[in-house]
Every structure is written in C-alpha cells, then in structure tokens.
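Worksheet: one structure, shown below.
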Amino acid sequence: MGGTRTEGAPRAARVCVIGAGLSGLATGHALAARSIDFVCLEKAPDVGGIWRQPGAGERGPAYLSLHLNSARQLTAYADYPMRDDLPLYPGHADVAAYLRSFAEWAGLLPHVELRTEVLAVRQDGDGAWTVTSRDARGEVRERRFDQVVVASGHNTEPELPHPLPPGSDSFTGTVLHSMDYRDGSDFAGRRVVVVGMGASGVDIAADLSRHAARTVLSVRRGLHVVPKQLFGMSVDMIADAPWWNEMSFPERRSFIEQALLVARGRLSDYGLPEPDHPVFSSAVTISDEILSRIRHGGVVPRPALASLETDRVVFADGTVEEADAIVYCTGFRMAFPFLPPDCPLSGEQGTVELYRRVAAPGRPGLYFVGLIRPVGSITRLVEAQAQWVARILDGDVALPAADVMREEIATYLDGIAQRYGRTQGASVQVDVGAYLRELKELQDA
C-alpha cells in the first residue's frame, strides 16, 4: 500500500499544527477562537500526548506512576477547569481524560488527523509550506499550508551518557532508557540501578523501590530537590502569588533556600551530593517522595557510575553493587527530524534560537508552541504563546525584521548563560511570571 498524493491546487489560508498534546490542543483552541482554518496532525491513535501513553501501553517518556507536579488549578486550560473531585496532583490517566474532554468541548476533534506522522516540512519559493505526512494506511500525502506551528514537545530522542561507562558491553543485565520504562512491577525482585536525579529519575526510583529487591540511585551532580508543597501550598501556586512576584530575584532565591532548609534539611543528610549552584541556577527536581524513600531505606543513593562488570556496577567512590538492570534517566535531545537541514533550530552551541521562544527568524510562517521549560505549570504559558501566534496569523500583530528578532534572541541567551550556562536545555528555561508578562505585552502592543 502507499504512494504519494500531492495537493497543489489553490488553497485557502490554512495552518498545519503538528502534535495534539497539551500544546497542540491549546494552539487549536486559539486558532478556532479566531476562525482560522487549521489541520492538526498527530501520529498517535488519540489526542493527549505523553499523558495518554502509559494507559495505551505505548513507548514514551511517560510511565504508569506519572502524576502532575503542578496543581490542577494552574495546569488546566483557562476556559476549561479540571473537575473539582480530582486530586490536587492528578495521575496520567486523569490528565489524559481531561485533555480528550477538552478537545471534545472545544470542537477540535474534526480538525485532528490521528495516526498521521509528519515526515517532512519544507518552505517553498513563494513562502508557503509543504508538509509531507503518512497516515495509518501508509499513504504519503503532500499538502501546502500558509503557516506551520510545531507543538510536538521536546522529549523526543532519548539521551544516553556519552561515552557509556567502561565495561558497558560486558554488562549482562537489562539496560534501558526511561523512555522504555513503564512500571516498577516489571522489575519485581530484581536489583536495579537508576542513573540520574531529574524528574523521571526520582519518580522511577521511588516507583521501583516498592517492587525491586534493591533500588540504587546514581547521582553525578547535586540538584535542588523541591517538595511539591511548602507551607501547605503547592509551589507553583506560591510562584503565582502576588507577594512572590513583588520580590526581587535575590529575595526569591533566599526565601526558597531558607524554606528548603527548614522543610528537608541538607541533601547531604540523605547521602546525596549538595548542589554546586544556587537554587534557580539550574533545573530543580520536584518530588515529595524521593527523600522519604531514601530515609526509609527503599532507595540507596550512590555517586556517578565508574564502570560495569558483567553483573556488577562500580561507582566513583569505589563501592560496588550487584545489578540486574540499569535505567538511564539521562534526559532527551530536542529533535525535529521533519524540518529541513537549512532550517536550523539551534545555534552553534546547541541553544534553541527563537524570537520570544516562539518564532523562527528568517522563516516567516514557522512557529513553535510549548518549546519552553518553566519551573511550574506550562499550560498558561502555552496558551499565551498560542494566542499570540493566532494574533500574528490573523494579522493583528506584526513580527519585527529578522535582524531585530536575532538581537532579542542574543540578549535573552546572554541572560540565560549568566544564570544557567549555554546549553540546549537551559536555552528553553523561562520564569513563569516574567514570561507571562512578556507575552501579554506582545499581545497588547
């Protein structure tokens, strides 16, 4: 089966939205509110992105124990609150059901083509975009659009340590990336080493500790572990409070550092390395469980991996653990293989270079929604991005010249480098309050 069908006939002004997860649905809602015609292409069998994957049994960055780290009140779309009977931090199944319900309520489903993978996106000489996709029957189709909005997320390609520890080829146990982890019961009675202390690392280690015979957490670099709640409030609701946003950045940092010292003490008390940087100078790890599981003996902290030997793992301090499996929770590379080679998203140092974290300079008609990493809920930011893009597409807002956009990007990345360093991951970090104000000013301009 298959073949290629090209639609080259004159077209109405249309938009192609890539992805029907949280960001793609927000984009569709914003476009529909302005009666902008669009098609949303989603390679999965249903809407919902990573939140529906565990229940569907699909490979992906989500896992069965996944819950929101942000309060449902701030994670819901502004026009469609989550049900009051849901917990403050709903699990993946509840979030997936909510996103599906939102798509139905907002009338987005007729615009969504499921089981349709985007193979290529190219800009034609007249400025329009040709999108090549393949549906569930294997039919390849080319369509032309005036604009393309990429809303497919940034947890795409698993990142493994490079190089891998010496002796990796000799290890006889199971080795997998968190992308392929689904449930701790799959490792019942086994000895597992989890590598990495980011969000997925601490979640997976806590989950494994209830099933595995022994769970070891290998930590190369100390990160700030922030509980989901401080002073009885969800931390993202604290970040949304007026009194918080009236503080200067140094005052916020000092406040959080003192609050963390009171709430959990020093991380070295748990056998974890102390962070080598102040809070908010790198991504934080939000978890209510990992420190408790360490204190209860369910998770044993160890330093970085030094080498592997058949059924053993040797750590940097010389300690040795017998292991049946290793789960690398070492993050993801942002990759958009469907974009043309002459349309680079990243600069020479791998930093994402987008005007206001949305628009591609020199590529009119190409936009990104959701390619950001806030400390807190992303939903309001994604909605604000989508509404700004909709205004641009509707002609209410004009983007500046490409050189002006590049100047803004350079200024932004200089500020990011001073705070986080120059890496791809750091270049998508945003502060919720400041970025929301920035997008509001752009929309009001």
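Every chain in the structure tokens takes a letter, A first, then B, and so on in the order presented; its residues are numbered from 1, and the ligands are numbered from 1 following the presented order.
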
task: Skip Ser282 of chain A itself and residues of its chain fewer than 4 positions away, then list as a count of residues only all residues within 9 Å of it, counting only C-alpha atoms.
output: 9

From a DSSP calculation on the backbone, collect every residue of segment 45-244 of chain A in strand (DSSP E) and output the set as a compact mmCIF listing (two decimals) with N, CA and C atoms, in the first residue's frame.
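File written: states-v8.txt
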```txt
# COMPACT_ATOMS: atom_id res chain seq x y z
N VAL A 112 -8.44 17.25 13.77
CA VAL A 112 -7.28 16.41 14.10
C VAL A 112 -7.26 15.16 13.22
N GLU A 113 -6.14 14.91 12.59
CA GLU A 113 -5.93 13.67 11.84
C GLU A 113 -5.00 12.78 12.66
N GLU A 117 1.71 10.70 10.74
CA GLU A 117 3.06 11.13 11.10
C GLU A 117 3.58 12.14 10.09
N VAL A 118 4.15 13.22 10.58
CA VAL A 118 4.76 14.21 9.72
C VAL A 118 6.16 13.74 9.34
N LEU A 119 6.41 13.62 8.06
CA LEU A 119 7.69 13.14 7.56
C LEU A 119 8.63 14.28 7.20
N ALA A 120 8.08 15.35 6.64
CA ALA A 120 8.92 16.45 6.19
C ALA A 120 8.11 17.74 6.13
N VAL A 121 8.81 18.84 6.41
CA VAL A 121 8.24 20.17 6.29
C VAL A 121 9.25 21.03 5.54
N ARG A 122 8.84 21.63 4.45
CA ARG A 122 9.77 22.48 3.71
C ARG A 122 9.07 23.76 3.29
N GLN A 123 9.85 24.82 3.20
CA GLN A 123 9.30 26.09 2.75
C GLN A 123 9.56 26.25 1.26
N TRP A 129 4.33 26.55 2.85
CA TRP A 129 4.99 25.37 3.41
C TRP A 129 4.35 24.10 2.87
N THR A 130 5.17 23.17 2.44
CA THR A 130 4.69 21.86 2.03
C THR A 130 4.97 20.87 3.16
N VAL A 131 3.92 20.22 3.60
CA VAL A 131 4.01 19.24 4.69
C VAL A 131 3.74 17.86 4.12
N THR A 132 4.69 16.96 4.31
CA THR A 132 4.55 15.58 3.86
C THR A 132 4.22 14.71 5.06
N SER A 133 3.15 13.95 4.96
CA SER A 133 2.73 13.10 6.09
C SER A 133 2.37 11.71 5.59
N ARG A 134 2.32 10.76 6.54
CA ARG A 134 1.96 9.38 6.21
C ARG A 134 0.87 8.94 7.18
N VAL A 140 1.23 8.29 1.68
CA VAL A 140 2.02 9.52 1.85
C VAL A 140 1.33 10.64 1.09
N ARG A 141 1.22 11.76 1.77
CA ARG A 141 0.44 12.87 1.22
C ARG A 141 1.21 14.17 1.37
N GLU A 142 1.19 15.01 0.34
CA GLU A 142 1.79 16.33 0.42
C GLU A 142 0.70 17.39 0.37
N ARG A 143 0.76 18.33 1.32
CA ARG A 143 -0.20 19.43 1.34
C ARG A 143 0.52 20.74 1.58
N ARG A 144 -0.04 21.81 1.05
CA ARG A 144 0.57 23.13 1.22
C ARG A 144 -0.23 23.94 2.23
N PHE A 145 0.52 24.63 3.09
CA PHE A 145 -0.08 25.47 4.12
C PHE A 145 0.60 26.83 4.11
N GLN A 147 1.08 28.52 7.00
CA GLN A 147 1.88 28.55 8.21
C GLN A 147 1.96 27.16 8.83
N VAL A 148 3.00 26.94 9.61
CA VAL A 148 3.18 25.69 10.35
C VAL A 148 3.47 26.04 11.80
N VAL A 149 2.76 25.38 12.71
CA VAL A 149 3.01 25.53 14.14
C VAL A 149 3.46 24.18 14.68
N VAL A 150 4.69 24.11 15.16
CA VAL A 150 5.23 22.87 15.73
C VAL A 150 4.91 22.84 17.22
N GLU A 157 13.99 12.38 21.55
CA GLU A 157 15.01 11.35 21.36
C GLU A 157 15.76 11.11 22.66
N PRO A 158 15.78 9.86 23.16
CA PRO A 158 16.46 9.58 24.42
C PRO A 158 17.94 9.89 24.38
N THR A 174 19.77 -6.08 32.13
CA THR A 174 18.92 -5.27 31.25
C THR A 174 19.35 -3.82 31.33
N VAL A 175 19.44 -3.16 30.19
CA VAL A 175 19.78 -1.74 30.13
C VAL A 175 18.69 -1.03 29.32
N LEU A 176 18.11 0.00 29.89
CA LEU A 176 17.09 0.74 29.17
C LEU A 176 17.13 2.22 29.54
N HIS A 177 16.55 3.02 28.70
CA HIS A 177 16.36 4.45 28.97
C HIS A 177 14.98 4.63 29.58
N ARG A 191 17.45 -6.32 41.18
CA ARG A 191 18.32 -5.26 41.71
C ARG A 191 18.54 -4.25 40.59
N VAL A 192 18.10 -3.01 40.83
CA VAL A 192 18.06 -2.02 39.76
C VAL A 192 18.85 -0.78 40.16
N VAL A 193 19.64 -0.27 39.22
CA VAL A 193 20.35 0.99 39.39
C VAL A 193 19.69 2.03 38.49
N VAL A 194 19.25 3.13 39.08
CA VAL A 194 18.66 4.24 38.33
C VAL A 194 19.72 5.33 38.23
N VAL A 195 19.97 5.81 37.02
CA VAL A 195 21.01 6.81 36.78
C VAL A 195 20.34 8.15 36.45
N ARG A 214 16.22 -4.33 45.36
CA ARG A 214 17.08 -3.24 45.80
C ARG A 214 17.08 -2.16 44.71
N THR A 215 16.94 -0.92 45.15
CA THR A 215 16.93 0.21 44.22
C THR A 215 18.04 1.17 44.60
N VAL A 216 18.95 1.39 43.65
CA VAL A 216 20.08 2.29 43.86
C VAL A 216 19.91 3.50 42.93
N LEU A 217 20.12 4.69 43.47
CA LEU A 217 20.03 5.92 42.68
C LEU A 217 21.43 6.50 42.52
N SER A 218 21.93 6.49 41.29
CA SER A 218 23.27 7.01 40.99
C SER A 218 23.16 8.47 40.60
N VAL A 225 16.35 19.56 45.36
CA VAL A 225 15.11 18.79 45.44
C VAL A 225 14.08 19.66 46.15
N VAL A 226 13.00 19.96 45.45
CA VAL A 226 11.95 20.84 45.98
C VAL A 226 10.68 20.03 46.15
N GLN A 229 4.96 20.85 47.83
CA GLN A 229 4.30 21.85 48.65
C GLN A 229 5.26 22.41 49.70
N LEU A 230 5.15 23.70 49.93
CA LEU A 230 5.83 24.38 51.02
C LEU A 230 4.80 25.22 51.77
N MET A 233 1.23 24.94 50.70
CA MET A 233 0.81 25.44 49.39
C MET A 233 1.62 24.76 48.29
N SER A 234 0.94 24.46 47.19
CA SER A 234 1.67 23.96 46.02
C SER A 234 2.70 25.00 45.59
```

message: Which residues are near Asp135 of chain A? Cut-off 6 Å, only C-alpha atoms, ignore same chain within fewer than 3 positions. Put them as a count of residues only.
response: 4

query: Contacts of Arg59 of chain A at 9 Å or less, counting only C-alpha atoms, minus same-chain residues fewer than 6 places along, as number ranges by chain?
result: A: 53, 179-182

- prompt: as a PyMOL selection string, which residues of segment 12-203 of chain A does DSSP assign to helix (DSSP H, G or I)?
  reply: chain A and resi 22-33+49-56+72-75+92-105+109-111+168-170+178-180+184-187+199-203

- prompt: Looking at only C-alpha atoms, which of A:Ala199, A:Asp317, A:Ala390, A:Gly127 is the one that sits closest to Gly28 of chain A?
  reply: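 Closest to Gly28 of chain A, using only C-alpha atoms: A:Ala390.
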
task: Excluding segment 61-68 of chain A and any residue of its chain fewer than 2 positions from it, enumerate the residues within 7 Å of it, using only C-alpha atoms, and give them as a ChimeraX atom specification.
output: /A:50-51,53-54,70,89-92,155,178-179,181-183,207

field: Nearest candidate to Thr156 of chain A (options A:Ile256, A:Val219, A:Met334, A:Ala263; using only C-alpha atoms)
entry: A:Met334

field: Nearest-residue call for Val428 of chain A, choices A:His154, A:Arg210, A:Arg406, A:Lys228, using only C-alpha atoms
entry: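 Ranked by minimum distance to Val428 of chain A, first place goes to A:His154.
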
field: Nearest to Met82 of chain A by atom-to-atom distance, counting only C-alpha atoms, from A:Thr330, A:Ser101, A:Arg252, A:Asn69
entry: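 Checking each of A:Thr330, A:Ser101, A:Arg252, A:Asn69 against Met82 of chain A, counting only C-alpha atoms, the winner is A:Ser101.
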
- prompt: Between A:Ile36, A:Gly60, A:Gly415, A:Ala434, which is the closest to Ser248 of chain A once you count only C-alpha atoms?
  reply: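 Comparing A:Ile36, A:Gly60, A:Gly415, A:Ala434 against Ser248 of chain A, the winner is A:Ala434.
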
Of the listed residues A:Gly425, A:Pro275, A:Pro374, A:Pro364, that which approaches Ala398 of chain A most closely, counting only C-alpha atoms: A:Pro364

- prompt: Which value, in Å to one decimal, gives the distance between atom CA of Ser287 of chain A and atom CA of Gly184 of chain A?
  reply: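 So the two atoms, atom CA of Ser287 of chain A and atom CA of Gly184 of chain A, lie 17.3 Å apart.
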
12 Å contact set for Met237 of chain A, only C-alpha atoms, chain neighbours under 6 positions out, as number ranges by chain: A: 69-75, 88, 228-231, 243-245, 375-377, 432-433

Take the residues from that selection and put them in a file with all heavy atoms, as a short mmCIF file (atom, residue, chain, number, x, y, z; two decimals), in the first residue's frame.
```cif
data_model
loop_
_atom_site.label_atom_id
_atom_site.label_comp_id
_atom_site.auth_asym_id
_atom_site.auth_seq_id
_atom_site.Cartn_x
_atom_site.Cartn_y
_atom_site.Cartn_z
N ASN A 69 3.19 17.47 38.56
CA ASN A 69 3.97 18.13 39.61
C ASN A 69 3.43 19.52 39.90
O ASN A 69 3.90 20.19 40.82
CB ASN A 69 5.44 18.24 39.20
CG ASN A 69 6.20 16.96 39.45
OD1 ASN A 69 5.81 16.16 40.30
ND2 ASN A 69 7.27 16.75 38.72
N SER A 70 2.47 19.96 39.10
CA SER A 70 1.86 21.28 39.29
C SER A 70 0.39 21.10 39.65
O SER A 70 -0.24 20.11 39.29
CB SER A 70 2.00 22.11 38.01
OG SER A 70 1.50 21.41 36.89
N ALA A 71 -0.15 22.06 40.38
CA ALA A 71 -1.53 21.97 40.85
C ALA A 71 -2.50 21.96 39.67
O ALA A 71 -2.29 22.64 38.67
CB ALA A 71 -1.84 23.14 41.77
N ARG A 72 -3.58 21.19 39.80
CA ARG A 72 -4.53 21.08 38.69
C ARG A 72 -5.16 22.43 38.35
O ARG A 72 -5.47 22.68 37.19
CB ARG A 72 -5.62 20.07 39.03
CG ARG A 72 -6.46 20.39 40.24
CD ARG A 72 -7.61 19.40 40.41
NE ARG A 72 -8.23 19.50 41.71
CZ ARG A 72 -9.10 20.43 42.06
NH1 ARG A 72 -9.46 21.36 41.18
NH2 ARG A 72 -9.63 20.46 43.27
N GLN A 73 -5.32 23.32 39.34
CA GLN A 73 -5.93 24.61 39.05
C GLN A 73 -5.12 25.42 38.06
O GLN A 73 -5.67 26.16 37.25
CB GLN A 73 -6.11 25.42 40.34
CG GLN A 73 -7.08 24.81 41.33
CD GLN A 73 -6.38 23.94 42.36
OE1 GLN A 73 -5.39 23.28 42.03
NE2 GLN A 73 -6.89 23.93 43.58
N LEU A 74 -3.78 25.29 38.14
CA LEU A 74 -2.92 26.06 37.26
C LEU A 74 -2.53 25.27 36.01
O LEU A 74 -1.98 25.83 35.07
CB LEU A 74 -1.65 26.49 38.00
CG LEU A 74 -1.86 27.48 39.15
CD1 LEU A 74 -0.52 27.82 39.80
CD2 LEU A 74 -2.55 28.75 38.65
N THR A 75 -2.80 23.96 36.01
CA THR A 75 -2.44 23.13 34.87
C THR A 75 -3.58 23.04 33.86
O THR A 75 -3.36 22.76 32.69
CB THR A 75 -2.06 21.72 35.34
OG1 THR A 75 -1.05 21.84 36.37
CG2 THR A 75 -1.48 20.88 34.22
N LEU A 88 -5.30 17.19 43.87
CA LEU A 88 -4.51 18.38 43.53
C LEU A 88 -3.49 18.05 42.44
O LEU A 88 -3.22 18.88 41.57
CB LEU A 88 -3.80 18.91 44.78
CG LEU A 88 -3.01 20.21 44.62
CD1 LEU A 88 -3.94 21.36 44.20
CD2 LEU A 88 -2.28 20.55 45.91
N LYS A 228 6.67 19.24 46.47
CA LYS A 228 5.55 19.81 45.73
C LYS A 228 4.84 20.91 46.51
O LYS A 228 4.20 21.78 45.91
CB LYS A 228 4.54 18.72 45.34
CG LYS A 228 5.06 17.74 44.30
CD LYS A 228 3.96 16.77 43.88
CE LYS A 228 4.45 15.81 42.81
NZ LYS A 228 3.40 14.90 42.33
N GLN A 229 4.96 20.85 47.83
CA GLN A 229 4.30 21.85 48.65
C GLN A 229 5.26 22.41 49.70
O GLN A 229 6.08 21.68 50.25
CB GLN A 229 3.08 21.26 49.36
CG GLN A 229 1.99 20.77 48.41
CD GLN A 229 0.69 20.53 49.12
OE1 GLN A 229 0.13 21.42 49.76
NE2 GLN A 229 0.20 19.31 49.03
N LEU A 230 5.15 23.70 49.93
CA LEU A 230 5.83 24.38 51.02
C LEU A 230 4.80 25.22 51.77
O LEU A 230 3.96 25.87 51.14
CB LEU A 230 6.96 25.28 50.50
CG LEU A 230 8.20 24.59 49.93
CD1 LEU A 230 9.10 25.60 49.25
CD2 LEU A 230 8.96 23.84 51.03
N PHE A 231 4.87 25.17 53.08
CA PHE A 231 3.92 25.92 53.90
C PHE A 231 2.47 25.56 53.55
O PHE A 231 1.56 26.40 53.62
CB PHE A 231 4.12 27.44 53.74
CG PHE A 231 5.53 27.89 53.97
CD1 PHE A 231 6.32 28.29 52.92
CD2 PHE A 231 6.08 27.88 55.26
CE1 PHE A 231 7.63 28.70 53.13
CE2 PHE A 231 7.39 28.28 55.47
CZ PHE A 231 8.16 28.69 54.42
N TRP A 243 2.50 38.33 46.30
CA TRP A 243 3.60 38.66 47.19
C TRP A 243 4.92 38.07 46.68
O TRP A 243 5.98 38.67 46.86
CB TRP A 243 3.33 38.20 48.63
CG TRP A 243 3.04 36.73 48.80
CD1 TRP A 243 1.84 36.12 48.81
CD2 TRP A 243 4.02 35.68 48.97
NE1 TRP A 243 1.97 34.77 48.98
CE2 TRP A 243 3.30 34.47 49.09
CE3 TRP A 243 5.41 35.65 49.05
CZ2 TRP A 243 3.93 33.24 49.27
CZ3 TRP A 243 6.04 34.43 49.24
CH2 TRP A 243 5.31 33.25 49.35
N TRP A 244 4.84 36.92 46.04
CA TRP A 244 6.05 36.30 45.48
C TRP A 244 6.58 37.14 44.33
O TRP A 244 7.77 37.41 44.23
CB TRP A 244 5.74 34.88 45.03
CG TRP A 244 6.83 34.23 44.24
CD1 TRP A 244 6.95 34.17 42.88
CD2 TRP A 244 7.98 33.55 44.76
NE1 TRP A 244 8.08 33.48 42.52
CE2 TRP A 244 8.74 33.09 43.65
CE3 TRP A 244 8.44 33.27 46.04
CZ2 TRP A 244 9.92 32.38 43.79
CZ3 TRP A 244 9.62 32.55 46.19
CH2 TRP A 244 10.35 32.11 45.08
N ASN A 245 5.68 37.56 43.45
CA ASN A 245 6.09 38.30 42.26
C ASN A 245 6.51 39.73 42.57
O ASN A 245 7.08 40.40 41.71
CB ASN A 245 4.97 38.27 41.22
CG ASN A 245 4.83 36.90 40.57
OD1 ASN A 245 5.67 36.50 39.78
ND2 ASN A 245 3.79 36.18 40.92
N VAL A 375 9.62 26.59 35.63
CA VAL A 375 9.52 26.00 36.96
C VAL A 375 8.07 26.23 37.39
O VAL A 375 7.71 27.29 37.88
CB VAL A 375 10.50 26.64 37.96
CG1 VAL A 375 10.32 26.02 39.34
CG2 VAL A 375 11.93 26.46 37.48
N GLY A 376 7.23 25.24 37.19
CA GLY A 376 5.80 25.39 37.44
C GLY A 376 5.01 24.93 36.23
O GLY A 376 5.55 24.37 35.27
N SER A 377 3.72 25.18 36.26
CA SER A 377 2.84 24.72 35.20
C SER A 377 3.14 25.42 33.88
O SER A 377 3.34 26.64 33.84
CB SER A 377 1.37 24.96 35.59
OG SER A 377 0.53 24.66 34.51
N VAL A 432 7.93 31.79 34.97
CA VAL A 432 6.51 31.85 34.65
C VAL A 432 5.99 33.28 34.63
O VAL A 432 5.42 33.75 33.64
CB VAL A 432 5.70 30.99 35.64
CG1 VAL A 432 4.20 31.19 35.43
CG2 VAL A 432 6.04 29.52 35.49
N GLY A 433 6.15 34.00 35.75
CA GLY A 433 5.60 35.35 35.85
C GLY A 433 6.15 36.30 34.81
O GLY A 433 5.41 37.02 34.13
#
```

Shell around Gly362 of chain A at 12 Å using only C-alpha atoms, local window under 2 positions removed, as a short mmCIF file (atom, residue, chain, number, x, y, z; two decimals) with all heavy atoms, in the first residue's frame:
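Contents of the output file selection.cif:
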```
data_model
loop_
_atom_site.label_atom_id
_atom_site.label_comp_id
_atom_site.auth_asym_id
_atom_site.auth_seq_id
_atom_site.Cartn_x
_atom_site.Cartn_y
_atom_site.Cartn_z
N GLN A 123 9.85 24.82 3.20
CA GLN A 123 9.30 26.09 2.75
C GLN A 123 9.56 26.25 1.26
O GLN A 123 10.68 26.07 0.77
CB GLN A 123 9.92 27.26 3.52
CG GLN A 123 9.21 28.58 3.27
CD GLN A 123 9.63 29.66 4.27
OE1 GLN A 123 10.73 29.65 4.78
NE2 GLN A 123 8.72 30.58 4.55
N GLY A 127 7.05 31.15 -0.19
CA GLY A 127 6.88 31.37 1.24
C GLY A 127 5.93 30.41 1.91
O GLY A 127 5.88 30.33 3.14
N ASP A 342 18.34 23.11 6.17
CA ASP A 342 18.68 24.53 6.08
C ASP A 342 17.77 25.39 6.95
O ASP A 342 17.71 26.60 6.79
CB ASP A 342 18.60 25.00 4.63
CG ASP A 342 17.20 24.89 4.05
OD1 ASP A 342 16.37 24.17 4.65
OD2 ASP A 342 16.93 25.52 3.01
N CYS A 343 17.06 24.74 7.88
CA CYS A 343 16.18 25.46 8.80
C CYS A 343 16.58 25.10 10.22
O CYS A 343 15.83 24.49 10.96
CB CYS A 343 14.73 25.09 8.53
SG CYS A 343 13.55 26.03 9.50
N PRO A 344 17.81 25.44 10.61
CA PRO A 344 18.28 25.02 11.93
C PRO A 344 17.52 25.71 13.05
O PRO A 344 17.24 26.90 12.99
CB PRO A 344 19.76 25.45 11.92
CG PRO A 344 19.80 26.59 10.96
CD PRO A 344 18.78 26.29 9.91
N LEU A 345 17.19 24.92 14.05
CA LEU A 345 16.52 25.48 15.22
C LEU A 345 17.54 25.93 16.25
O LEU A 345 17.28 26.83 17.04
CB LEU A 345 15.59 24.42 15.83
CG LEU A 345 14.81 24.80 17.08
CD1 LEU A 345 13.87 25.95 16.79
CD2 LEU A 345 14.04 23.61 17.61
N GLU A 353 17.18 28.87 19.31
CA GLU A 353 17.19 30.28 18.94
C GLU A 353 15.86 30.65 18.29
O GLU A 353 15.67 30.51 17.08
CB GLU A 353 18.36 30.57 18.00
CG GLU A 353 19.71 30.29 18.67
CD GLU A 353 20.90 30.68 17.82
OE1 GLU A 353 20.71 31.01 16.63
OE2 GLU A 353 22.04 30.68 18.35
N LEU A 354 14.92 31.09 19.13
CA LEU A 354 13.59 31.50 18.69
C LEU A 354 13.25 32.86 19.28
O LEU A 354 13.48 33.10 20.48
CB LEU A 354 12.54 30.48 19.11
CG LEU A 354 12.61 29.09 18.47
CD1 LEU A 354 11.61 28.16 19.12
CD2 LEU A 354 12.37 29.17 16.97
N TYR A 355 12.67 33.71 18.48
CA TYR A 355 12.24 35.03 18.94
C TYR A 355 11.09 34.86 19.93
O TYR A 355 10.08 34.22 19.62
CB TYR A 355 11.80 35.88 17.76
CG TYR A 355 11.22 37.22 18.13
CD1 TYR A 355 12.02 38.21 18.69
CD2 TYR A 355 9.88 37.49 17.91
CE1 TYR A 355 11.48 39.44 19.04
CE2 TYR A 355 9.34 38.72 18.24
CZ TYR A 355 10.15 39.70 18.81
OH TYR A 355 9.60 40.92 19.14
N ALA A 359 9.05 32.25 17.53
CA ALA A 359 9.15 32.48 16.09
C ALA A 359 10.58 32.25 15.59
O ALA A 359 11.55 32.60 16.27
CB ALA A 359 8.70 33.89 15.75
N ALA A 360 10.69 31.68 14.40
CA ALA A 360 11.99 31.40 13.79
C ALA A 360 12.41 32.56 12.90
O ALA A 360 11.75 32.82 11.89
CB ALA A 360 11.92 30.11 12.97
N PRO A 364 9.53 33.10 7.95
CA PRO A 364 8.16 33.55 8.20
C PRO A 364 7.16 32.41 8.01
O PRO A 364 7.27 31.64 7.06
CB PRO A 364 7.95 34.66 7.16
CG PRO A 364 9.00 34.43 6.12
CD PRO A 364 10.17 33.83 6.83
N GLY A 365 6.26 32.31 8.95
CA GLY A 365 5.25 31.26 8.88
C GLY A 365 5.58 30.01 9.66
O GLY A 365 4.80 29.06 9.66
N LEU A 366 6.72 29.99 10.35
CA LEU A 366 7.10 28.83 11.16
C LEU A 366 7.14 29.26 12.63
O LEU A 366 7.87 30.17 13.00
CB LEU A 366 8.46 28.29 10.74
CG LEU A 366 8.99 27.09 11.54
CD1 LEU A 366 8.08 25.88 11.40
CD2 LEU A 366 10.41 26.74 11.10
N TYR A 367 6.37 28.56 13.47
CA TYR A 367 6.25 28.92 14.88
C TYR A 367 6.33 27.65 15.73
O TYR A 367 6.04 26.55 15.27
CB TYR A 367 4.92 29.63 15.15
CG TYR A 367 4.69 30.82 14.25
CD1 TYR A 367 3.98 30.68 13.06
CD2 TYR A 367 5.21 32.08 14.56
CE1 TYR A 367 3.79 31.76 12.20
CE2 TYR A 367 5.03 33.15 13.72
CZ TYR A 367 4.32 32.99 12.54
OH TYR A 367 4.15 34.06 11.70
N LEU A 399 5.40 40.76 13.25
CA LEU A 399 6.72 40.45 13.80
C LEU A 399 7.74 41.46 13.30
O LEU A 399 7.61 41.98 12.18
CB LEU A 399 7.15 39.05 13.40
CG LEU A 399 6.40 37.88 14.04
CD1 LEU A 399 6.83 36.58 13.42
CD2 LEU A 399 6.61 37.87 15.55
N PRO A 400 8.77 41.74 14.07
CA PRO A 400 9.82 42.65 13.59
C PRO A 400 10.69 41.98 12.52
O PRO A 400 10.54 40.79 12.24
CB PRO A 400 10.63 42.93 14.86
CG PRO A 400 10.41 41.74 15.73
CD PRO A 400 9.01 41.27 15.43
N ALA A 401 11.60 42.74 11.98
CA ALA A 401 12.53 42.20 10.98
C ALA A 401 13.41 41.11 11.61
O ALA A 401 13.61 41.08 12.84
CB ALA A 401 13.41 43.32 10.42
N ALA A 402 13.95 40.25 10.77
CA ALA A 402 14.74 39.11 11.26
C ALA A 402 15.93 39.55 12.09
O ALA A 402 16.25 38.91 13.11
CB ALA A 402 15.20 38.25 10.08
N ASP A 403 16.60 40.64 11.71
CA ASP A 403 17.76 41.08 12.48
C ASP A 403 17.36 41.57 13.87
O ASP A 403 18.10 41.39 14.84
CB ASP A 403 18.55 42.15 11.72
CG ASP A 403 17.71 43.38 11.40
OD1 ASP A 403 16.46 43.28 11.39
OD2 ASP A 403 18.30 44.45 11.15
N VAL A 404 16.18 42.17 13.97
CA VAL A 404 15.68 42.61 15.29
C VAL A 404 15.36 41.38 16.14
O VAL A 404 15.65 41.35 17.34
CB VAL A 404 14.44 43.50 15.13
CG1 VAL A 404 13.85 43.86 16.49
CG2 VAL A 404 14.79 44.76 14.34
N MET A 405 14.78 40.36 15.53
CA MET A 405 14.47 39.14 16.26
C MET A 405 15.75 38.48 16.76
O MET A 405 15.82 38.00 17.90
CB MET A 405 13.67 38.18 15.38
CG MET A 405 12.24 38.62 15.13
SD MET A 405 11.17 37.29 14.50
CE MET A 405 11.57 37.33 12.77
N ARG A 406 16.76 38.45 15.91
CA ARG A 406 18.03 37.82 16.32
C ARG A 406 18.69 38.60 17.46
O ARG A 406 19.33 38.00 18.33
CB ARG A 406 18.95 37.71 15.11
CG ARG A 406 18.47 36.71 14.06
CD ARG A 406 19.52 36.45 13.00
NE ARG A 406 19.03 35.50 12.02
CZ ARG A 406 18.52 35.83 10.83
NH1 ARG A 406 18.46 37.12 10.48
NH2 ARG A 406 18.10 34.90 10.00
#
```
